[in-house]
>>> print(open('model30.txt').read())   # compact mmCIF, C-alpha atoms
# COMPACT_ATOMS: atom_id res chain seq x y z
CA MET I 1 -11.76 4.38 -33.52
CA PRO I 2 -13.61 7.23 -31.72
CA ILE I 3 -13.81 6.61 -27.95
CA HIS I 4 -16.64 7.66 -25.67
CA ILE I 5 -16.02 7.80 -21.90
CA ARG I 6 -18.60 7.99 -19.14
CA LEU I 7 -18.81 7.55 -15.39
CA ALA I 8 -19.68 3.97 -14.53
CA GLU I 9 -22.85 2.94 -12.72
CA PHE I 10 -22.07 0.26 -10.17
CA GLY I 11 -25.41 -1.43 -10.76
CA SER I 12 -25.65 -1.77 -14.52
CA ASP I 13 -21.87 -1.68 -15.21
CA ARG I 14 -20.74 -3.97 -12.41
CA ALA I 15 -20.34 -7.10 -14.56
CA ALA I 16 -18.40 -5.24 -17.27
CA LEU I 17 -16.02 -3.68 -14.72
CA VAL I 18 -15.36 -6.98 -12.94
CA GLU I 19 -14.75 -8.87 -16.18
CA MET I 20 -12.48 -6.24 -17.74
CA VAL I 21 -10.27 -6.17 -14.65
CA ARG I 22 -10.26 -9.97 -14.38
CA ALA I 23 -9.37 -10.51 -18.04
CA ASN I 24 -6.74 -7.78 -18.32
CA LEU I 25 -5.31 -7.06 -14.88
CA THR I 26 -5.84 -9.57 -12.08
CA PRO I 27 -7.55 -12.98 -11.87
CA SER I 28 -8.72 -12.09 -8.34
CA SER I 29 -11.32 -9.68 -9.75
CA ASN I 30 -14.76 -10.94 -8.77
CA ASP I 31 -18.02 -9.72 -7.17
CA LYS I 32 -16.65 -10.06 -3.64
CA ARG I 33 -13.60 -7.92 -4.42
CA PHE I 34 -15.76 -5.37 -6.22
CA SER I 35 -18.14 -4.98 -3.27
CA TRP I 36 -15.25 -4.60 -0.82
CA LEU I 37 -13.06 -2.25 -2.87
CA TYR I 38 -15.58 -0.17 -4.80
CA GLN I 39 -18.62 0.03 -2.52
CA ARG I 40 -17.79 -0.65 1.12
CA GLY I 41 -14.75 1.56 1.71
CA PRO I 42 -15.20 3.64 4.89
CA HIS I 43 -13.80 6.74 3.17
CA GLY I 44 -16.51 6.66 0.51
CA ALA I 45 -17.42 4.83 -2.65
CA ALA I 46 -14.96 4.54 -5.52
CA ARG I 47 -15.30 6.25 -8.88
CA ALA I 48 -14.96 4.30 -12.11
CA TRP I 49 -15.00 5.23 -15.78
CA ILE I 50 -15.70 3.11 -18.85
CA ALA I 51 -14.38 3.83 -22.33
CA PHE I 52 -16.48 2.56 -25.23
CA ASP I 53 -15.80 2.28 -28.93
CA SER I 54 -18.42 4.60 -30.40
CA ALA I 55 -18.57 2.54 -33.60
CA ASN I 56 -19.47 -0.86 -32.16
CA GLY I 57 -20.13 -0.34 -28.45
CA ALA I 58 -17.21 -2.54 -27.37
CA VAL I 59 -15.63 -1.80 -23.99
CA ALA I 60 -12.23 -0.29 -24.77
CA GLY I 61 -11.01 0.20 -21.21
CA VAL I 62 -11.85 0.92 -17.60
CA ALA I 63 -10.24 2.94 -14.83
CA ALA I 64 -11.02 3.62 -11.18
CA ALA I 65 -10.07 5.85 -8.27
CA PHE I 66 -10.49 5.11 -4.58
CA PRO I 67 -10.91 7.77 -1.87
CA ARG I 68 -8.57 8.11 1.08
CA ARG I 69 -9.30 10.45 3.96
CA ILE I 70 -6.03 12.01 5.08
CA TRP I 71 -4.60 14.14 7.83
CA LEU I 72 -2.92 17.20 6.37
CA GLU I 73 -1.49 19.77 8.78
CA GLY I 74 -3.83 18.52 11.49
CA THR I 75 -7.04 18.81 9.47
CA GLU I 76 -8.87 16.29 7.33
CA GLY I 77 -8.76 16.19 3.55
CA ILE I 78 -9.49 13.78 0.72
CA ALA I 79 -7.03 12.14 -1.66
CA TRP I 80 -7.68 9.63 -4.43
CA VAL I 81 -5.52 6.65 -5.38
CA PHE I 82 -5.86 5.39 -8.94
CA GLY I 83 -6.16 1.70 -9.70
CA ASP I 84 -7.69 -1.00 -11.89
CA PHE I 85 -6.68 0.83 -15.06
CA CYS I 86 -6.75 -1.57 -18.00
CA MET I 87 -7.40 -1.51 -21.73
CA ASN I 88 -8.90 -4.08 -24.06
CA PRO I 89 -6.01 -5.53 -26.16
CA ALA I 90 -7.56 -4.11 -29.34
CA TYR I 91 -7.30 -0.57 -27.91
CA ARG I 92 -3.88 -0.65 -26.27
CA THR I 93 -2.49 2.42 -27.93
CA LEU I 94 -1.51 5.64 -26.21
CA GLY I 95 -4.41 7.63 -27.66
CA PRO I 96 -7.36 5.85 -25.97
CA ALA I 97 -5.38 5.24 -22.77
CA ILE I 98 -4.44 8.92 -22.43
CA GLN I 99 -8.00 9.94 -23.17
CA LEU I 100 -9.33 7.67 -20.42
CA GLN I 101 -6.83 8.71 -17.74
CA ARG I 102 -7.21 12.38 -18.59
CA ARG I 103 -10.96 12.05 -18.06
CA CYS I 104 -10.34 10.49 -14.63
CA ILE I 105 -8.12 13.37 -13.52
CA GLU I 106 -10.41 16.05 -14.94
CA SER I 107 -13.39 14.55 -13.09
CA LEU I 108 -11.59 14.43 -9.75
CA SER I 109 -10.21 17.94 -10.24
CA GLN I 110 -13.78 19.22 -9.98
CA GLU I 111 -14.16 17.77 -6.49
CA ALA I 112 -12.80 19.08 -3.21
CA CYS I 113 -9.66 16.97 -2.88
CA GLU I 114 -6.00 17.57 -2.09
CA PHE I 115 -4.27 15.30 -4.58
CA CYS I 116 -4.43 12.12 -6.67
CA TYR I 117 -1.68 9.52 -6.68
CA ASP I 118 -0.72 6.32 -8.44
CA PHE I 119 1.98 3.64 -8.55
CA PRO I 120 2.19 3.22 -12.32
CA SER I 121 3.76 0.41 -14.30
CA GLU I 122 6.29 1.26 -16.98
CA LYS I 123 3.54 1.41 -19.61
CA MET I 124 1.32 3.52 -17.36
CA MET I 125 4.25 5.85 -16.66
CA ALA I 126 4.49 6.48 -20.41
CA ILE I 127 0.86 7.59 -20.36
CA TYR I 128 1.48 10.04 -17.51
CA SER I 129 4.57 11.38 -19.25
CA ARG I 130 2.59 12.13 -22.39
CA MET I 131 0.04 13.92 -20.20
CA GLY I 132 2.78 16.09 -18.69
CA ILE I 133 2.46 14.50 -15.23
CA GLU I 134 5.87 13.75 -13.74
CA GLN I 135 7.08 11.19 -11.26
CA ARG I 136 7.23 12.77 -7.78
CA GLY I 137 8.86 9.99 -5.78
CA THR I 138 9.12 6.24 -5.33
CA LEU I 139 7.73 3.43 -3.21
CA VAL I 140 10.77 1.55 -1.93
CA ARG I 141 10.80 -2.12 -1.01
CA TRP I 142 12.91 -2.78 2.09
CA ALA I 143 13.97 -6.37 2.78
CA LYS I 144 15.53 -8.17 5.73
CA PRO I 145 16.86 -11.73 5.19
CA LEU I 146 16.00 -14.27 7.91
CA ARG I 147 17.10 -17.64 6.54
CA ILE I 148 19.84 -18.41 4.06
CA GLU I 149 19.58 -22.17 3.42
CA GLN I 150 18.09 -21.95 -0.07
CA ARG I 151 20.77 -19.56 -1.31
CA VAL I 152 23.56 -21.61 0.23
CA GLU I 153 22.17 -24.85 -1.23
CA SER I 154 22.07 -23.38 -4.73
CA ALA I 155 25.70 -22.30 -4.33
CA LEU I 156 27.05 -25.49 -2.70
CA HIS I 157 24.71 -27.96 -4.45
CA SER I 158 24.37 -29.84 -1.16
CA ARG I 159 21.39 -29.77 1.17
CA VAL I 160 23.38 -31.20 4.08
CA LEU I 161 26.11 -28.56 3.82
CA ALA I 162 23.49 -25.85 3.31
CA GLN I 163 21.69 -26.83 6.51
CA GLY I 164 24.91 -26.68 8.54
CA ALA I 165 26.09 -23.40 7.07
CA GLY I 166 22.58 -21.98 7.16
CA LEU I 167 22.23 -22.65 10.89
CA LEU I 168 25.32 -20.59 11.61
CA ILE I 169 24.45 -17.76 9.22
CA ASN I 170 20.82 -17.63 10.39
CA THR I 171 22.04 -17.16 13.96
CA VAL I 172 24.12 -14.18 12.84
CA LEU I 173 21.19 -12.74 10.89
CA ALA I 174 18.92 -13.05 13.94
CA ARG I 175 21.25 -10.81 15.93
CA GLN I 176 21.52 -8.07 13.34
CA GLY I 177 19.52 -4.87 13.38
CA TRP I 178 18.35 -2.49 16.08
CA LYS I 179 15.49 -4.02 18.10
CA GLY I 180 14.75 -1.32 20.63
CA THR I 181 14.50 -2.41 24.27
CA ASP I 182 11.98 -4.58 26.07
CA ASP I 183 11.05 -1.84 28.53
CA VAL I 184 9.90 0.66 25.90
CA CYS I 185 6.57 -1.13 25.31
CA ASP I 186 4.80 -4.46 25.58
CA LEU I 187 4.11 -6.42 22.41
CA ALA I 188 1.11 -8.72 21.88
CA MET I 189 -0.83 -10.18 19.00
CA HIS I 190 -4.21 -8.51 18.57
CA ALA I 191 -7.28 -10.75 18.47
CA GLY I 192 -10.59 -9.79 16.87
CA ARG I 193 -11.64 -6.49 15.35
CA CYS I 194 -9.92 -3.16 15.87
CA GLY I 195 -11.67 -1.06 18.49
CA GLU I 196 -11.86 2.56 19.57
CA GLU I 197 -8.30 2.58 20.92
CA PHE I 198 -7.01 2.42 17.34
CA SER I 199 -9.06 5.49 16.39
CA LEU I 200 -7.83 7.30 19.50
CA LEU I 201 -4.20 6.60 18.59
CA ASP I 202 -4.84 7.94 15.08
CA SER I 203 -6.32 11.17 16.45
CA GLN I 204 -3.24 11.68 18.65
CA LEU I 205 -0.91 11.51 15.65
CA CYS I 206 -2.75 13.89 13.33
CA HIS I 207 -1.12 17.20 14.23
CA LYS I 208 2.33 16.58 12.77
CA PRO I 209 3.24 18.68 9.67
CA CYS I 210 3.00 15.69 7.37
CA ILE I 211 0.55 13.54 5.41
CA ARG I 212 -1.15 10.52 6.97
CA THR I 213 -4.05 8.35 5.90
CA LEU I 214 -6.76 8.29 8.58
CA ARG I 215 -6.18 4.93 10.24
CA THR I 216 -9.34 4.69 12.29
CA ALA I 217 -10.65 1.37 13.58
CA GLU I 218 -13.26 1.38 10.81
CA TYR I 219 -10.61 1.85 8.14
CA LEU I 220 -8.25 -0.80 9.55
CA ASN I 221 -11.04 -3.36 9.84
CA TRP I 222 -12.05 -2.76 6.23
CA ARG I 223 -8.60 -2.44 4.69
CA TYR I 224 -7.00 -5.45 6.37
CA LEU I 225 -9.33 -7.67 8.37
CA ASP I 226 -12.10 -7.65 5.74
CA HIS I 227 -9.77 -8.06 2.76
CA PRO I 228 -11.39 -10.61 0.41
CA GLU I 229 -8.17 -12.38 -0.49
CA ASN I 230 -5.23 -11.59 1.82
CA HIS I 231 -4.97 -12.58 5.48
CA TYR I 232 -3.45 -9.95 7.77
CA GLU I 233 -2.41 -10.05 11.42
CA ILE I 234 -1.83 -7.21 13.87
CA LEU I 235 0.97 -6.91 16.42
CA THR I 236 0.26 -4.22 19.01
CA ALA I 237 2.58 -2.16 21.21
CA ARG I 238 1.22 -0.96 24.56
CA ARG I 239 2.63 1.04 27.43
CA ASP I 240 0.82 0.73 30.79
CA GLY I 241 -2.03 -0.87 28.86
CA ILE I 242 -2.37 2.06 26.44
CA LEU I 243 -1.99 1.42 22.69
CA VAL I 244 1.06 3.28 21.37
CA GLY I 245 1.54 1.51 18.03
CA TYR I 246 0.92 -1.49 15.85
CA ALA I 247 2.28 -3.34 12.84
CA ILE I 248 0.04 -5.09 10.31
CA PHE I 249 1.66 -7.96 8.46
CA SER I 250 0.95 -11.03 6.38
CA GLU I 251 2.69 -14.25 5.45
CA GLU I 252 3.77 -14.58 1.84
CA PRO I 253 5.39 -17.43 -0.10
CA ASN I 254 8.83 -17.96 1.50
CA GLY I 255 8.53 -14.78 3.50
CA GLY I 256 6.35 -12.13 5.06
CA GLY I 257 5.42 -8.53 4.49
CA VAL I 258 4.66 -5.53 6.70
CA ALA I 259 1.72 -3.74 5.09
CA ASP I 260 1.27 -0.94 7.62
CA LEU I 261 3.06 0.52 10.60
CA CYS I 262 1.69 3.14 12.97
CA ALA I 263 3.26 4.34 16.21
CA VAL I 264 3.94 7.30 18.44
CA GLU I 265 6.92 9.26 17.18
CA GLU I 266 9.43 7.26 19.21
CA GLN I 267 11.99 5.37 17.18
CA ALA I 268 12.41 2.71 19.85
CA VAL I 269 8.72 1.76 19.62
CA ILE I 270 8.95 1.46 15.83
CA ALA I 271 12.09 -0.66 16.09
CA ARG I 272 10.44 -2.86 18.72
CA LEU I 273 7.41 -3.48 16.51
CA LEU I 274 9.58 -4.37 13.52
CA ALA I 275 11.68 -6.72 15.63
CA GLY I 276 8.50 -8.34 16.95
CA VAL I 277 7.14 -9.02 13.46
CA VAL I 278 10.53 -10.31 12.31
CA GLU I 279 10.72 -12.75 15.22
CA ILE I 280 7.20 -14.06 14.63
CA LEU I 281 7.90 -14.70 10.95
CA ARG I 282 11.33 -16.17 11.71
CA ARG I 283 9.74 -18.75 14.01
CA ARG I 284 7.28 -19.63 11.25
CA GLY I 285 10.13 -20.35 8.86
CA ALA I 286 9.99 -17.25 6.69
CA ALA I 287 13.10 -16.67 4.56
CA SER I 288 12.77 -12.89 4.60
CA VAL I 289 10.60 -9.97 5.63
CA SER I 290 9.86 -6.99 3.43
CA LEU I 291 8.01 -3.72 3.72
CA ARG I 292 7.26 -0.93 1.28
CA ALA I 293 7.45 2.74 2.17
CA GLY I 294 7.67 6.03 0.33
CA ASP I 295 11.13 7.44 -0.24
CA SER I 296 10.16 10.43 1.94
CA HIS I 297 8.79 8.32 4.81
CA PRO I 298 10.17 9.81 8.06
CA TRP I 299 11.03 6.36 9.45
CA ASN I 300 13.28 5.18 6.62
CA ARG I 301 16.33 5.64 8.84
CA VAL I 302 14.72 3.37 11.45
CA PHE I 303 14.08 0.70 8.81
CA GLU I 304 17.76 0.78 7.92
CA ARG I 305 18.90 0.58 11.54
CA ALA I 306 16.54 -2.36 12.07
CA GLY I 307 18.43 -4.33 9.43
CA PHE I 308 16.26 -3.71 6.39
CA ARG I 309 17.98 -2.87 3.12
CA ARG I 310 16.65 -0.94 0.13
CA ARG I 311 15.70 -3.04 -2.86
CA GLU I 312 13.70 -2.18 -5.99
CA GLU I 313 11.60 0.96 -6.33
CA THR I 314 8.18 1.65 -7.84
CA PRO I 315 7.42 5.07 -9.36
CA LEU I 316 5.05 7.36 -7.49
CA VAL I 317 2.95 9.84 -9.44
CA LEU I 318 1.36 12.67 -7.49
CA HIS I 319 -1.02 15.17 -9.06
CA VAL I 320 -1.49 18.11 -6.67
CA LEU I 321 -4.89 19.79 -6.57
CA SER I 322 -4.68 22.05 -3.49
CA ASN I 323 -2.52 24.91 -2.24
CA ARG I 324 -2.16 23.26 1.18
CA LEU I 325 -0.22 20.40 -0.31
CA GLN I 326 1.97 22.80 -2.27
CA ARG I 327 3.04 24.33 1.05
CA LEU I 328 4.11 20.88 2.26
CA LYS I 329 6.26 20.45 -0.85
CA GLN I 330 4.20 17.66 -2.38
CA GLN I 331 4.85 14.28 -0.79
CA ALA I 332 7.40 15.46 1.83
CA CYS I 333 7.07 13.57 5.11
CA TRP I 334 4.34 11.32 3.79
CA HIS I 335 3.67 8.22 5.92
CA LEU I 336 3.18 6.20 2.76
CA MET I 337 3.22 2.40 2.97
CA GLN I 338 1.86 -0.58 1.07
CA GLY I 339 -1.55 -0.08 2.66
CA GLU I 340 -2.01 3.20 0.79
CA ARG I 341 -2.32 1.29 -2.47
CA ASP I 342 -5.73 0.56 -3.96
CA SER I 343 -6.06 -3.07 -2.89
>>> encode(input="model30.txt", output="C-alpha cells")
Amino acid sequence: MPIHIRLAEFGSDRAALVEMVRANLTPSSNDKRFSWLYQRGPHGAARAWIAFDSANGAVAGVAAAFPRRIWLEGTEGIAWVFGDFCMNPAYRTLGPAIQLQRRCIESLSQEACEFCYDFPSEKMMAIYSRMGIEQRGTLVRWAKPLRIEQRVESALHSRVLAQGAGLLINTVLARQGWKGTDDVCDLAMHAGRCGEEFSLLDSQLCHKPCIRTLRTAEYLNWRYLDHPENHYEILTARRDGILVGYAIFSEEPNGGGVADLCAVEEQAVIARLLAGVVEILRRRGAASVSLRAGDSHPWNRVFERAGFRRREETPLVLHVLSNRLQRLKQQACWHLMQGERDS
C-alpha cells in the first residue's frame, strides 16, 4: 500500500483532519477545537500532514505540530510540540506511521526552530525508536492526597467508620507540606482576562539559563481561558500590588490539577501558590491535587517539600535542531509543565 504524504490545507482538509482525530484519538475533536488549536494560537498557526493511500485515495493517517515561542538563554526561539498523530485502523503498521512522522520532522527541520518535542504513547515510542530518536526525559505526575474517606471505606467496608477515620486523617493531611509564609506574598483569585502585568512578569523571568515557554497575557488567555473544553482558574501572588507569580488550575473528577505555575525564583512564593491552590480545592471537596512537570524542572524539590509525591511518568522525546540547545544540554532546567502539551 504505497503512501503519499502532503501538507494539509486548513480550508479544504479541515473536515478530514477533524474526523480522523475524532474517530481515532479523541471524541472532543470538532470545529471549535480545530479553530482554537490549529488556527488561533498566538505563537502561530499549526502545521498538519495527511497521509493518503495512493491506490484508492483513502486517508491513512494525520499528524500535526503546534508552535511554541520560547525563551532560550534570554532570547526568543521557536519550538514545536507534536500532537494529534493517528492512523486509520487499516494502516496501523510501523511502515506508514514511520513514514508520516519522518515527514513531519523533516519539514520542521527546514524551518528556523530550536527543537521539536512530544509525549508519546507506548506505540508512538516504538515509532520514534525505529526512527533512531531516543527518549530524553519524562513528564512526572506529582500528587498530593487531600481526603481519604473513599480509600478508608473500601478497606473498612463501612461508611460511618470511614467518615470518622477520614476526618482525623484529613486533618493530618491538611497540615503536611511546606506552605511558605503569609508575609511572602498576597494570594487572590484572578477575575477576567490576563492583562499586561502577566506579560511583564514573563519578560522579567526570561534571562535565566533555562528554557521557558513565553507566557504572555495573549498566550495565557488563549491556552487556558479560551480553551474550548476545559475550565481553568488563576490564583495570583502579589507583593505590594505587583504580580510576582500565579498558578493555573482546574477541577477534575474527584480532584484537581495544576496546569501551569509561574513565579519569581523564590521558593517561598512557589510554595505559597501551591498551598493556596491546595486549600481552594480542599474546601471544594477534592480528594487529591496533581501536577505534571518535567523531570528536570528546577522546582521539583519544592513540589516534594510541599507534600507532593512522584507518581507515574510519561516519556518525553526531544529532537534537537539548534546548537544553542545543545549548549544547554537538551532539556536541562526546562520549566516544562502540563501546559506545554498540545491541548
>>> closest_residue(input="model30.txt", among="I:Arg33, I:Leu25, I:Cys113, I:Tyr38", to="Asn230 of chain I", atoms="all atoms listed in the file")
I:Arg33
>>> atom_distance(input="model30.txt", atom1="atom CA of Ala97 of chain I", atom2="atom CA of Leu7 of chain I")
15.5 Å
>>> atom_distance(input="model30.txt", atom1="atom CA of Ala64 of chain I", atom2="atom CA of Met20 of chain I")
11.9 Å
>>> residues_around(input="model30.txt", residues="Ala90 of chain I", least_positions_apart="2", cutoff="8 Å", atoms="only C-alpha atoms", output="number ranges by chain")
I: 60, 88, 92
>>> write_last_selection(input="model30.txt", atoms="C-alpha atoms", output="PDB file, in the coordinates of the input")
ATOM      1  CA  ALA I  60     -12.230  -0.290 -24.770  1.00  0.00           C
ATOM      2  CA  ASN I  88      -8.900  -4.080 -24.060  1.00  0.00           C
ATOM      3  CA  ARG I  92      -3.880  -0.650 -26.270  1.00  0.00           C
TER       4      ARG I  92
END
>>> residues_around(input="model30.txt", residues="segment 99-104 of chain I", least_positions_apart="2", cutoff="12 Å", atoms="only C-alpha atoms", output="NGL selection string")
:I and (2-8 or 46-53 or 59-66 or 80-87 or 91-97 or 106-111 or 116-118 or 120 or 124-133 or 319)
>>> residues_around(input="model30.txt", residues="segment 283-294 of chain I", least_positions_apart="2", cutoff="10 Å", atoms="all atoms listed in the file", output="PyMOL selection string")
chain I and resi 137-150+170+249-261+274+277-281+296-300+303+308-316+331-340
>>> write_last_selection(input="model30.txt", atoms="C-alpha atoms", output="mmCIF file, keeping the file's coordinate frame")
data_model
loop_
_atom_site.group_PDB
_atom_site.id
_atom_site.type_symbol
_atom_site.label_atom_id
_atom_site.label_comp_id
_atom_site.auth_asym_id
_atom_site.auth_seq_id
_atom_site.Cartn_x
_atom_site.Cartn_y
_atom_site.Cartn_z
ATOM 1 C CA GLY I 137 8.860 9.990 -5.780
ATOM 2 C CA THR I 138 9.120 6.240 -5.330
ATOM 3 C CA LEU I 139 7.730 3.430 -3.210
ATOM 4 C CA VAL I 140 10.770 1.550 -1.930
ATOM 5 C CA ARG I 141 10.800 -2.120 -1.010
ATOM 6 C CA TRP I 142 12.910 -2.780 2.090
ATOM 7 C CA ALA I 143 13.970 -6.370 2.780
ATOM 8 C CA LYS I 144 15.530 -8.170 5.730
ATOM 9 C CA PRO I 145 16.860 -11.730 5.190
ATOM 10 C CA LEU I 146 16.000 -14.270 7.910
ATOM 11 C CA ARG I 147 17.100 -17.640 6.540
ATOM 12 C CA ILE I 148 19.840 -18.410 4.060
ATOM 13 C CA GLU I 149 19.580 -22.170 3.420
ATOM 14 C CA GLN I 150 18.090 -21.950 -0.070
ATOM 15 C CA ASN I 170 20.820 -17.630 10.390
ATOM 16 C CA PHE I 249 1.660 -7.960 8.460
ATOM 17 C CA SER I 250 0.950 -11.030 6.380
ATOM 18 C CA GLU I 251 2.690 -14.250 5.450
ATOM 19 C CA GLU I 252 3.770 -14.580 1.840
ATOM 20 C CA PRO I 253 5.390 -17.430 -0.100
ATOM 21 C CA ASN I 254 8.830 -17.960 1.500
ATOM 22 C CA GLY I 255 8.530 -14.780 3.500
ATOM 23 C CA GLY I 256 6.350 -12.130 5.060
ATOM 24 C CA GLY I 257 5.420 -8.530 4.490
ATOM 25 C CA VAL I 258 4.660 -5.530 6.700
ATOM 26 C CA ALA I 259 1.720 -3.740 5.090
ATOM 27 C CA ASP I 260 1.270 -0.940 7.620
ATOM 28 C CA LEU I 261 3.060 0.520 10.600
ATOM 29 C CA LEU I 274 9.580 -4.370 13.520
ATOM 30 C CA VAL I 277 7.140 -9.020 13.460
ATOM 31 C CA VAL I 278 10.530 -10.310 12.310
ATOM 32 C CA GLU I 279 10.720 -12.750 15.220
ATOM 33 C CA ILE I 280 7.200 -14.060 14.630
ATOM 34 C CA LEU I 281 7.900 -14.700 10.950
ATOM 35 C CA SER I 296 10.160 10.430 1.940
ATOM 36 C CA HIS I 297 8.790 8.320 4.810
ATOM 37 C CA PRO I 298 10.170 9.810 8.060
ATOM 38 C CA TRP I 299 11.030 6.360 9.450
ATOM 39 C CA ASN I 300 13.280 5.180 6.620
ATOM 40 C CA PHE I 303 14.080 0.700 8.810
ATOM 41 C CA PHE I 308 16.260 -3.710 6.390
ATOM 42 C CA ARG I 309 17.980 -2.870 3.120
ATOM 43 C CA ARG I 310 16.650 -0.940 0.130
ATOM 44 C CA ARG I 311 15.700 -3.040 -2.860
ATOM 45 C CA GLU I 312 13.700 -2.180 -5.990
ATOM 46 C CA GLU I 313 11.600 0.960 -6.330
ATOM 47 C CA THR I 314 8.180 1.650 -7.840
ATOM 48 C CA PRO I 315 7.420 5.070 -9.360
ATOM 49 C CA LEU I 316 5.050 7.360 -7.490
ATOM 50 C CA GLN I 331 4.850 14.280 -0.790
ATOM 51 C CA ALA I 332 7.400 15.460 1.830
ATOM 52 C CA CYS I 333 7.070 13.570 5.110
ATOM 53 C CA TRP I 334 4.340 11.320 3.790
ATOM 54 C CA HIS I 335 3.670 8.220 5.920
ATOM 55 C CA LEU I 336 3.180 6.200 2.760
ATOM 56 C CA MET I 337 3.220 2.400 2.970
ATOM 57 C CA GLN I 338 1.860 -0.580 1.070
ATOM 58 C CA GLY I 339 -1.550 -0.080 2.660
ATOM 59 C CA GLU I 340 -2.010 3.200 0.790
#
